[in-house]
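Colleague: Below you'll find the structure I mean.
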Amino acid sequence: MKALIVDDERRARNEMQRLLVPYSWIEIVGEASSVQEALDRIEQHDPEVVFLDIQMDRQDGFPQSWIYCQPRPLVQ
Amino acid sequence: VSRTDAIIDEKTIHFRESVDRRTRQLRNLGTHTGISDAMGQRLLPKNAPDLAQVLLGHPVYWLFQAFFWLGLWTLFWIAVAADSVARIQNVFLLNQTVLCFFGLGSSHLVRVLYCLRSWNELRLRSLAPRVLALCALLACAGSFVSYRVVSLVMRFPFDLERIPAGPLLMATSQAGLALVAWSAIYLGYQYQRQLQDSQVERLKLHSVINEAQLQTLRQQVNPHFLFNSLNTIRALVDENRDDAREAITKLSELFRASLKTAEEKVIPLREELRTVEAYLALEKLRFEERLVVVMQVDELSLDTLVPPFLVQTLVENALKHGDHSNDNKRIVKCEIQTGETTVRIQVKNSGVLASSINGRGMGLANAGERLKILYGLEGRLRVYPSERGTVTAEVELPRYWHFS
């Protein structure tokens with residue numbers, strides 16, 4: 001499963017990476033430090049799951065990302 | 001995270017309410033039951049007089065008694081001495097002597113009533129009729145006793161049916177006036193003493209209230225900040241053990257400083273700046289290059305005493321409310337200048353001054369309150385928009401201050 005980590009704190013992203021290590025079936029395809037960057041990465045990598053910090057420095061992560069991304073349920 | 005914020009705000013409001021409640025309680029205690037502090041300890045023992053103590057009396061009291069009755073007797077003696085008839089003189093003097101002794105004794109007993117039944121706490125409206133009635137009663141008894149003694153000593157025939165009304169009435173009114181005068185002087189003196197005492201009490205009460213408010217307003221380490229710091233440190237452990245250890249040290253320094261606020265009302269600015277430094281070091285670990293701190297501290301100010309966590313509150317506030325949307329950098333400038341008699345602390349951050357509703361929160365309000373309690377009008381805090389897109393929180397406080 002392809003995953004993207006979005007957090008404005010570098011150390012928080014690192015920690016997330018580390019926490020995901022035991023789950024070998026999750027493949028981290030990229031990181032982003034802002035909502036805009038996250039949207040670019042989503043476009044680029046087409047991840048199935050996004051680990052998103054809901055309150056980041058410049059903008060709140062939640063509203064925009066959900067508007068722009070088409071949800072794709074695992075089970076069709 | 002915003003939920004946590006809401007919870008914290010709620011807590012602060014709660015906190016605030018508890019301060020108010022406690023203050024109210026203290027005020028009520030002060031007016032209704034004498035002063036007690038929160039533990040229920042009496043600050044000023046409301047002296048509950050016991051009978052023996054009252055009967056024994058104070059030397060000043062006995063001096064007053066002696067002066068009053070001896071003076072009265074002497075006055076009368078002077079008046080009577082003009083009279084040439086020795087026998088009449090003697091009768092009058094004897095009558096007067098007996099009356100004075102009776103007055104001494106009865107006033108001493110009356111005093112027991114005043115002290116033990118707390119008549120000296122009554123209002124004048126209810127006090128006056130009681131005193132007058134009591135004095136009239138005692139005066140009647142006194143004149144009767146003196147008449148009986150005189151008739152015994154002078155070998156007058158004593159006949160209840162034929163007591164001469166004139167002299168008896170005169171003796172009664174004399175004794176009555178003397179007792180009323182005595183009561184007026186005695187109660188007046190007591191009243192004046194009480195007034196002084198209550199002023200002292202009020203002052204003490206005021207300081208107790210201040211102390212209680214100060215205790216509750218004292219800044220604690222923000223739990224939200226603790227949560228963030230612990231997460232940062234957790235990430236740091238794998239990355240750089242030394243840095244992680246250092247971060248833990250900073251955190252513990254911060255908590256030690258916070259513990260100290262319970263013990264000390266004020267600390268040297270030097271120490272406060274160490275707290276600020278520890279705080280900023282931890283925030284720097286979290287924000288990394290996105291946090292820029294500029295400190296300009298006049299060395300002369302370092303010994304000035306400030307309430308603990310004062311500067312930290314300003315800095316934390318600047319970090320929290322500062323606008324960083326421009327280049328995603330939080331810039332906090334802290335300038336401390338020394339004047340002749342004052343020290344001025346300015347903390348600046350970029351942004352516009354938010355309206356008071358969602359703006360500068362409880363932290364600054366509490367800091368302002370603390371300053372007011374500690375320095376009165378000499379300490380003040382204001383927040384104002386300064387040069388283009390900057391908000392300044394400014395504290396001015398006395399450079400030298402004698403803390404009571």
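Chains: A, B, ... in order of the structure tokens. Residues: from 1 per chain. Ligands: from 1, in order shown.
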Distance cut-off 8 Å, counting only C-alpha atoms - which residues of chain B neighbour chain A? Return them as a PDB file with N, CA, C and O atoms, in the first residue's frame.

Modeller:
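As a result, selection-v5.pdb now contains:
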ATOM      1  N   VAL B   1      -5.520  19.092  17.083  1.00  0.00           N
ATOM      2  CA  VAL B   1      -4.759  20.014  17.921  1.00  0.00           C
ATOM      3  C   VAL B   1      -5.625  21.187  18.352  1.00  0.00           C
ATOM      4  O   VAL B   1      -5.557  21.647  19.469  1.00  0.00           O
ATOM      5  N   SER B   2      -6.509  21.629  17.420  1.00  0.00           N
ATOM      6  CA  SER B   2      -7.342  22.773  17.785  1.00  0.00           C
ATOM      7  C   SER B   2      -8.301  22.391  18.904  1.00  0.00           C
ATOM      8  O   SER B   2      -8.730  23.233  19.673  1.00  0.00           O
ATOM      9  N   ASN B 231       6.896  14.937  22.222  1.00  0.00           N
ATOM     10  CA  ASN B 231       6.900  14.340  20.886  1.00  0.00           C
ATOM     11  C   ASN B 231       8.184  14.644  20.133  1.00  0.00           C
ATOM     12  O   ASN B 231       8.746  13.788  19.455  1.00  0.00           O
ATOM     13  N   THR B 232       8.630  15.903  20.265  1.00  0.00           N
ATOM     14  CA  THR B 232       9.878  16.283  19.602  1.00  0.00           C
ATOM     15  C   THR B 232      11.047  15.469  20.163  1.00  0.00           C
ATOM     16  O   THR B 232      11.874  14.950  19.414  1.00  0.00           O
ATOM     17  N   ARG B 234      10.996  12.631  21.615  1.00  0.00           N
ATOM     18  CA  ARG B 234      10.854  11.240  21.195  1.00  0.00           C
ATOM     19  C   ARG B 234      11.472  11.034  19.812  1.00  0.00           C
ATOM     20  O   ARG B 234      12.200  10.068  19.571  1.00  0.00           O
ATOM     21  N   ALA B 235      11.212  11.965  18.898  1.00  0.00           N
ATOM     22  CA  ALA B 235      11.786  11.871  17.557  1.00  0.00           C
ATOM     23  C   ALA B 235      13.295  12.075  17.600  1.00  0.00           C
ATOM     24  O   ALA B 235      14.047  11.496  16.812  1.00  0.00           O
ATOM     25  N   LEU B 236      13.712  12.879  18.553  1.00  0.00           N
ATOM     26  CA  LEU B 236      15.126  13.241  18.643  1.00  0.00           C
ATOM     27  C   LEU B 236      15.987  12.096  19.174  1.00  0.00           C
ATOM     28  O   LEU B 236      17.176  12.014  18.890  1.00  0.00           O
ATOM     29  N   ARG B 286      11.601  22.117  17.769  1.00  0.00           N
ATOM     30  CA  ARG B 286      10.387  21.733  17.067  1.00  0.00           C
ATOM     31  C   ARG B 286      10.250  22.472  15.741  1.00  0.00           C
ATOM     32  O   ARG B 286       9.997  21.874  14.703  1.00  0.00           O
ATOM     33  N   PHE B 287      10.455  23.794  15.786  1.00  0.00           N
ATOM     34  CA  PHE B 287      10.234  24.586  14.572  1.00  0.00           C
ATOM     35  C   PHE B 287      11.471  24.676  13.684  1.00  0.00           C
ATOM     36  O   PHE B 287      11.381  25.096  12.533  1.00  0.00           O
ATOM     37  N   HIS B 324       2.781  34.042  10.665  1.00  0.00           N
ATOM     38  CA  HIS B 324       3.986  33.571   9.993  1.00  0.00           C
ATOM     39  C   HIS B 324       3.670  33.078   8.597  1.00  0.00           C
ATOM     40  O   HIS B 324       4.337  32.232   8.036  1.00  0.00           O
ATOM     41  N   SER B 325       2.573  33.629   8.045  1.00  0.00           N
ATOM     42  CA  SER B 325       2.141  33.133   6.739  1.00  0.00           C
ATOM     43  C   SER B 325       3.019  33.670   5.605  1.00  0.00           C
ATOM     44  O   SER B 325       3.031  33.122   4.520  1.00  0.00           O
ATOM     45  N   ASN B 328       6.662  31.798   6.202  1.00  0.00           N
ATOM     46  CA  ASN B 328       6.629  30.638   7.084  1.00  0.00           C
ATOM     47  C   ASN B 328       7.708  30.689   8.160  1.00  0.00           C
ATOM     48  O   ASN B 328       8.230  29.670   8.568  1.00  0.00           O
TER      49      ASN B 328
END

Colleague: Leaving out Leu319 in chain B and any residue of its chain fewer than 5 positions from it, which residues lie within 9 Å of it when counting only C-alpha atoms, given as a list in words?

Modeller: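 These residues fall inside the cut-off: Leu291, Leu314, Arg330, Ile331, Val332 and Asn349 of chain B.
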
Colleague: Could you pull the residues within 9 Å of range 185-192 of chain B, counting only C-alpha atoms, minus those fewer than 2 positions along the same chain, as a list of chain:residue names?

Modeller: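 Everything that qualifies: B:Tyr61, B:Phe64, B:Arg111, B:Tyr114, B:Trp119, B:Asn120, B:Glu121, B:Val180, B:Ala181, B:Trp182, B:Ser183, B:Gln194, B:Leu195, B:Gln196, B:Asp197.
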
Colleague: Could you turn the residues from that selection into a file that holds N, CA and C atoms, as a PDB file, in the first residue's frame?

Modeller:
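Just written: result.pdb:
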ATOM      1  N   TYR B  61      -7.199  50.690  82.384  1.00  0.00           N
ATOM      2  CA  TYR B  61      -8.604  50.706  82.795  1.00  0.00           C
ATOM      3  C   TYR B  61      -8.728  51.183  84.236  1.00  0.00           C
ATOM      4  N   PHE B  64      -8.153  54.823  84.589  1.00  0.00           N
ATOM      5  CA  PHE B  64      -9.351  55.550  84.160  1.00  0.00           C
ATOM      6  C   PHE B  64     -10.397  55.537  85.265  1.00  0.00           C
ATOM      7  N   ARG B 111     -19.072  46.730  83.114  1.00  0.00           N
ATOM      8  CA  ARG B 111     -18.031  46.451  82.121  1.00  0.00           C
ATOM      9  C   ARG B 111     -18.015  44.965  81.746  1.00  0.00           C
ATOM     10  N   TYR B 114     -20.595  44.624  79.249  1.00  0.00           N
ATOM     11  CA  TYR B 114     -20.163  45.178  77.959  1.00  0.00           C
ATOM     12  C   TYR B 114     -19.212  44.223  77.236  1.00  0.00           C
ATOM     13  N   TRP B 119     -21.582  44.045  74.123  1.00  0.00           N
ATOM     14  CA  TRP B 119     -22.387  45.244  73.870  1.00  0.00           C
ATOM     15  C   TRP B 119     -21.594  46.258  73.050  1.00  0.00           C
ATOM     16  N   ASN B 120     -20.275  46.180  73.160  1.00  0.00           N
ATOM     17  CA  ASN B 120     -19.477  47.166  72.415  1.00  0.00           C
ATOM     18  C   ASN B 120     -19.508  46.914  70.909  1.00  0.00           C
ATOM     19  N   GLU B 121     -20.169  45.798  70.493  1.00  0.00           N
ATOM     20  CA  GLU B 121     -20.295  45.574  69.047  1.00  0.00           C
ATOM     21  C   GLU B 121     -21.662  45.986  68.519  1.00  0.00           C
ATOM     22  N   VAL B 180     -23.786  57.269  83.040  1.00  0.00           N
ATOM     23  CA  VAL B 180     -23.923  57.457  81.592  1.00  0.00           C
ATOM     24  C   VAL B 180     -22.627  58.027  81.012  1.00  0.00           C
ATOM     25  N   ALA B 181     -22.075  59.013  81.740  1.00  0.00           N
ATOM     26  CA  ALA B 181     -20.811  59.606  81.277  1.00  0.00           C
ATOM     27  C   ALA B 181     -19.718  58.539  81.239  1.00  0.00           C
ATOM     28  N   TRP B 182     -19.695  57.752  82.308  1.00  0.00           N
ATOM     29  CA  TRP B 182     -18.683  56.688  82.373  1.00  0.00           C
ATOM     30  C   TRP B 182     -18.834  55.740  81.170  1.00  0.00           C
ATOM     31  N   SER B 183     -20.075  55.311  80.936  1.00  0.00           N
ATOM     32  CA  SER B 183     -20.328  54.379  79.823  1.00  0.00           C
ATOM     33  C   SER B 183     -19.925  54.998  78.499  1.00  0.00           C
ATOM     34  N   GLN B 194     -11.671  49.478  68.369  1.00  0.00           N
ATOM     35  CA  GLN B 194     -12.176  48.522  67.381  1.00  0.00           C
ATOM     36  C   GLN B 194     -11.985  49.033  65.969  1.00  0.00           C
ATOM     37  N   LEU B 195     -12.201  50.336  65.830  1.00  0.00           N
ATOM     38  CA  LEU B 195     -12.051  50.948  64.517  1.00  0.00           C
ATOM     39  C   LEU B 195     -10.622  50.756  64.019  1.00  0.00           C
ATOM     40  N   GLN B 196      -9.685  51.017  64.925  1.00  0.00           N
ATOM     41  CA  GLN B 196      -8.269  50.828  64.567  1.00  0.00           C
ATOM     42  C   GLN B 196      -8.000  49.374  64.211  1.00  0.00           C
ATOM     43  N   ASP B 197      -8.493  48.479  65.073  1.00  0.00           N
ATOM     44  CA  ASP B 197      -8.291  47.040  64.835  1.00  0.00           C
ATOM     45  C   ASP B 197      -8.839  46.638  63.480  1.00  0.00           C
TER      46      ASP B 197
END

Colleague: Rank B:Glu340, B:Glu394, B:Glu277, B:Glu283 by their smallest atom-to-atom distance to Asn228 in chain B, using only C-alpha atoms, and report the top residue only.

Modeller: B:Glu283

Colleague: Leaving out Ala32 in chain A and any residue of its chain fewer than 2 positions from it, which residues lie within 8 Å of it when counting only C-alpha atoms, given as a ChimeraX atom specification?

Modeller: /A:4-8,30,34-35,37-38,41

Colleague: Excluding Met154 in chain B and its own-chain neighbours fewer than 2 positions away, which residues fall within 12 Å of it when counting only C-alpha atoms? Please give them as a PyMOL selection string.

Modeller: chain B and resi 87-88+90-95+146-152+156-158

Colleague: Pull the helix (DSSP H, G or I) assignments for range 298-345 of chain B out of DSSP run on the backbone, and list those residues as a list in words.

Modeller: Glu299, Leu300, Ser301, Leu310, Val311, Gln312, Thr313, Leu314, Val315, Glu316, Asn317, Ala318, Leu319, Lys320 and His321 of chain B

Colleague: With N, CA and C atoms retained, write the just-selected residues as a short mmCIF file (atom, residue, chain, number, x, y, z; two decimals), in the first residue's frame.

Modeller:
data_model
loop_
_atom_site.label_atom_id
_atom_site.label_comp_id
_atom_site.auth_asym_id
_atom_site.auth_seq_id
_atom_site.Cartn_x
_atom_site.Cartn_y
_atom_site.Cartn_z
N GLU B 299 22.26 44.61 30.07
CA GLU B 299 22.81 43.89 31.22
C GLU B 299 22.42 44.52 32.55
N LEU B 300 22.19 45.83 32.53
CA LEU B 300 21.86 46.53 33.78
C LEU B 300 20.55 46.03 34.39
N SER B 301 19.72 45.42 33.55
CA SER B 301 18.40 45.02 34.04
C SER B 301 18.41 43.65 34.72
N LEU B 310 7.11 35.71 33.72
CA LEU B 310 6.54 36.90 33.07
C LEU B 310 7.00 37.01 31.62
N VAL B 311 8.33 37.01 31.41
CA VAL B 311 8.86 37.16 30.06
C VAL B 311 8.48 35.93 29.23
N GLN B 312 8.53 34.78 29.89
CA GLN B 312 8.17 33.54 29.17
C GLN B 312 6.75 33.63 28.63
N THR B 313 5.83 34.17 29.45
CA THR B 313 4.45 34.31 29.00
C THR B 313 4.37 35.18 27.76
N LEU B 314 5.13 36.30 27.78
CA LEU B 314 5.11 37.21 26.63
C LEU B 314 5.64 36.51 25.38
N VAL B 315 6.73 35.77 25.56
CA VAL B 315 7.35 35.11 24.42
C VAL B 315 6.44 34.00 23.88
N GLU B 316 5.88 33.22 24.79
CA GLU B 316 5.00 32.14 24.37
C GLU B 316 3.79 32.70 23.62
N ASN B 317 3.30 33.82 24.14
CA ASN B 317 2.17 34.48 23.51
C ASN B 317 2.52 34.94 22.09
N ALA B 318 3.72 35.52 21.95
CA ALA B 318 4.16 36.02 20.64
C ALA B 318 4.27 34.86 19.66
N LEU B 319 4.78 33.73 20.16
CA LEU B 319 4.94 32.56 19.30
C LEU B 319 3.59 31.99 18.87
N LYS B 320 2.66 32.02 19.82
CA LYS B 320 1.37 31.40 19.58
C LYS B 320 0.54 32.25 18.62
N HIS B 321 0.56 33.57 18.84
CA HIS B 321 -0.34 34.43 18.07
C HIS B 321 0.34 35.09 16.87
#

Colleague: For range 102-106 of chain B, work out the shell of residues within 7 Å, counting only C-alpha atoms and skipping chain neighbours fewer than 4 positions away, then give it as a PDB file with C-alpha atoms, in the first residue's frame.

Modeller:
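This went into selection37.pdb:
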ATOM      1  CA  GLN B  65     -11.582  54.242  86.962  1.00  0.00           C
ATOM      2  CA  TRP B  69     -14.588  58.494  90.364  1.00  0.00           C
ATOM      3  CA  VAL B  98     -20.891  56.074  99.051  1.00  0.00           C
ATOM      4  CA  VAL B 110     -21.303  46.834  83.944  1.00  0.00           C
ATOM      5  CA  GLY B 142     -27.152  53.448  94.154  1.00  0.00           C
ATOM      6  CA  LEU B 179     -22.771  56.281  85.016  1.00  0.00           C
TER       7      LEU B 179
END

Colleague: Quick check, in Å to one decimal: how far apart do CA of Gln96 in chain B and CA of His108 in chain B lie?

Modeller: 18.0 Å
